[in-house]
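Q: Please see the structure below; I have some questions.
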Amino acid sequence: MDYLADDQPAYVKAPAGAEAKRTRVQKDDVLLTITGSKIGRAARVESEHDGSYVSQHVSILRLGSGLDPDVLTAFLVSEQGGQRLIARSQYGQTKPGLNLAQIRSFPIPVPPVDVQLAIRRARREIRSLHGRFADIGRTTDDLLQSLVHGAFHGALGFGSGAAC
């Protein structure tokens with residue numbers, strides 16, 4: 001939700017002809033999962049994913065001028081906005097889905113340009129903070145593991161320890 005994970009990429013042979021054009025993403029597209037248990041997940045396409053392809057489970061929302069892709073993504077992932085619309089619109093119980101007509105009918109608010117710029121800046125700052133906190137978390141996890149390893153292998157000067 002709100003980002004494209006590329007830790008487990010799937011490499012596919014590109015489709016041919018019109019199918020290739022229809023399923024190939026561009027920078028600043030917004031992707032929306034439209035079927036299955038992950039319905040409603042949305043993310044903006046960053047430059048590193050430009051030229052990737054989507055499956056039939058993902059809709060490409062390609063914006064014209066007037067609405068920033070970060071703003072649309074923020075709306076789609078918000079519980080009070082897009083997620084509520086998606087929950088009300090989806091069909092099916094065992095395999096929920098959305099169709100393109102439903103997506104096109106979503107009333108998407110378009111804030112003034114200055115508000116959109118502020119939303120974009122705030123989202124980028126928040127992503128930066130998330131990245132820094134994740135790095136700190138990994139560092140502290142590594143330090144804790146090192147400490148535990150040293151404690152159980154006598155490297156901390158406490159002797160060999162007692163057995164339970």
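Identifiers in this document derive from the order of the structure tokens: chains are assigned A, B, ..., residues are numbered from 1 separately in each chain, and ligands are numbered from 1 in order of occurrence.
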Taking only C-alpha atoms into account, produce a table as a tab-separated table in which each residue of segment 46-122 of chain A with an atom at most 10 Å from an atom of segment 16-27 of chain A appears once, together with its shortest atom pair and the distance in Å to one decimal, ordered by chain and rising number.
A:
```
residue	atom	partner	partner_atom	distance
A:Glu46	CA	A:Lys27	CA	5.2
A:Ser47	CA	A:Lys27	CA	5.1
A:Glu48	CA	A:Lys27	CA	8.1
A:His49	CA	A:Lys27	CA	7.1
A:Asp50	CA	A:Gln26	CA	4.7
A:Gly51	CA	A:Val25	CA	5.4
A:Ser52	CA	A:Val25	CA	5.6
A:Tyr53	CA	A:Arg24	CA	4.4
A:Val54	CA	A:Thr23	CA	5.4
A:Ser55	CA	A:Thr23	CA	7.2
A:Gln56	CA	A:Thr23	CA	8.3
A:Val58	CA	A:Thr23	CA	9.0
A:Ser59	CA	A:Thr23	CA	8.6
A:Ile60	CA	A:Val25	CA	7.1
A:Leu61	CA	A:Val25	CA	9.4
A:Arg62	CA	A:Gln26	CA	8.3
A:Pro69	CA	A:Lys27	CA	9.7
```
Q: Which residues are close to Ile39 of chain A, i.e. within 12 Å by only C-alpha atoms, leaving aside same-chain residues fewer than 6 positions away? Reply as a list in words.
A: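 Neighbouring residues, sequence-local ones excluded: Met1, Leu31, Leu32, Thr33, His57, Val58, Ser59, Leu76, Val77, Gly82, Gln83, Leu85, Ile86, Ala87, Ser89, Gln90, Tyr91, Gly92, Gln93, Lys95, Pro96, Gly97, Leu98 and Asn99 of chain A.
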Q: Write out the residues from the selection above, keeping C-alpha atoms, as a PDB file, in the first residue's frame.
A:
```
ATOM      1  CA  MET A   1       0.000   0.000   0.000  1.00  0.00           C
ATOM      2  CA  LEU A  31      -1.420   1.704  -9.995  1.00  0.00           C
ATOM      3  CA  LEU A  32      -4.519   0.285  -8.318  1.00  0.00           C
ATOM      4  CA  THR A  33      -5.050  -3.383  -7.482  1.00  0.00           C
ATOM      5  CA  HIS A  57      -5.075  -7.626 -11.438  1.00  0.00           C
ATOM      6  CA  VAL A  58      -3.780  -4.053 -11.632  1.00  0.00           C
ATOM      7  CA  SER A  59      -5.297  -0.985 -13.262  1.00  0.00           C
ATOM      8  CA  LEU A  76      -6.826   6.288  -2.807  1.00  0.00           C
ATOM      9  CA  VAL A  77      -4.939   4.894   0.200  1.00  0.00           C
ATOM     10  CA  GLY A  82     -10.481   6.036  -1.663  1.00  0.00           C
ATOM     11  CA  GLN A  83     -10.571   2.981   0.576  1.00  0.00           C
ATOM     12  CA  LEU A  85     -15.125   4.206  -2.137  1.00  0.00           C
ATOM     13  CA  ILE A  86     -13.420   0.960  -3.073  1.00  0.00           C
ATOM     14  CA  ALA A  87     -15.089  -0.986  -0.250  1.00  0.00           C
ATOM     15  CA  SER A  89     -17.891  -0.351  -5.030  1.00  0.00           C
ATOM     16  CA  GLN A  90     -16.216  -3.748  -5.123  1.00  0.00           C
ATOM     17  CA  TYR A  91     -18.192  -6.800  -6.156  1.00  0.00           C
ATOM     18  CA  GLY A  92     -17.815 -10.476  -5.274  1.00  0.00           C
ATOM     19  CA  GLN A  93     -17.147 -12.170  -1.963  1.00  0.00           C
ATOM     20  CA  LYS A  95     -12.729 -12.931  -5.286  1.00  0.00           C
ATOM     21  CA  PRO A  96     -13.532  -9.238  -4.860  1.00  0.00           C
ATOM     22  CA  GLY A  97     -13.019  -6.943  -7.791  1.00  0.00           C
ATOM     23  CA  LEU A  98     -13.483  -3.513  -9.320  1.00  0.00           C
ATOM     24  CA  ASN A  99     -14.131  -2.752 -12.965  1.00  0.00           C
TER      25      ASN A  99
END
```
Q: Please compute the atom CA of Pro107 of chain A-atom CA of Arg127 of chain A distance, one decimal, in Å.
A: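 If I compute the distance from atom CA of Pro107 of chain A to atom CA of Arg127 of chain A, I get 26.6 Å.
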Q: In chain A, what's strand (DSSP E or B) per DSSP? Answer as a list of chain:residue names?
A: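 Here is the list: A:Arg24, A:Val30, A:Leu31, A:Leu32, A:Thr33, A:Thr35, A:Ala42, A:Ala43, A:Arg44, A:Tyr53, A:Val58, A:Ser59, A:Ile60, A:Leu61, A:Tyr91, A:Gly97.
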Q: What lies within 8 Å of segment 4-8 of chain A using only C-alpha atoms, ignoring chain neighbours under 5 positions off, as a tab-separated table (two decimals) with C-alpha atoms, in the first residue's frame?
A:
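Done, and the output landed in around-v5.tsv:
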```
chain	number	residue	atom	x	y	z
A	43	ALA	CA	0.99	3.34	-5.49
A	44	ARG	CA	2.60	5.94	-7.71
A	45	VAL	CA	5.10	4.72	-10.31
```
Q: Between A:Phe133, A:Phe75, A:Phe106, A:Phe152, which residue has the minimum interatomic distance to Arg120 of chain A, considering only C-alpha atoms?
A: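 Using only C-alpha atoms, Arg120 of chain A sits closest to A:Phe75.
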Q: Check chain A with DSSP on the backbone and list each residue it calls helix (DSSP H, G or I), as a VMD selection string.
A: chain A and resid 17 to 23 47 to 49 69 to 77 82 to 89 100 to 104 113 to 152
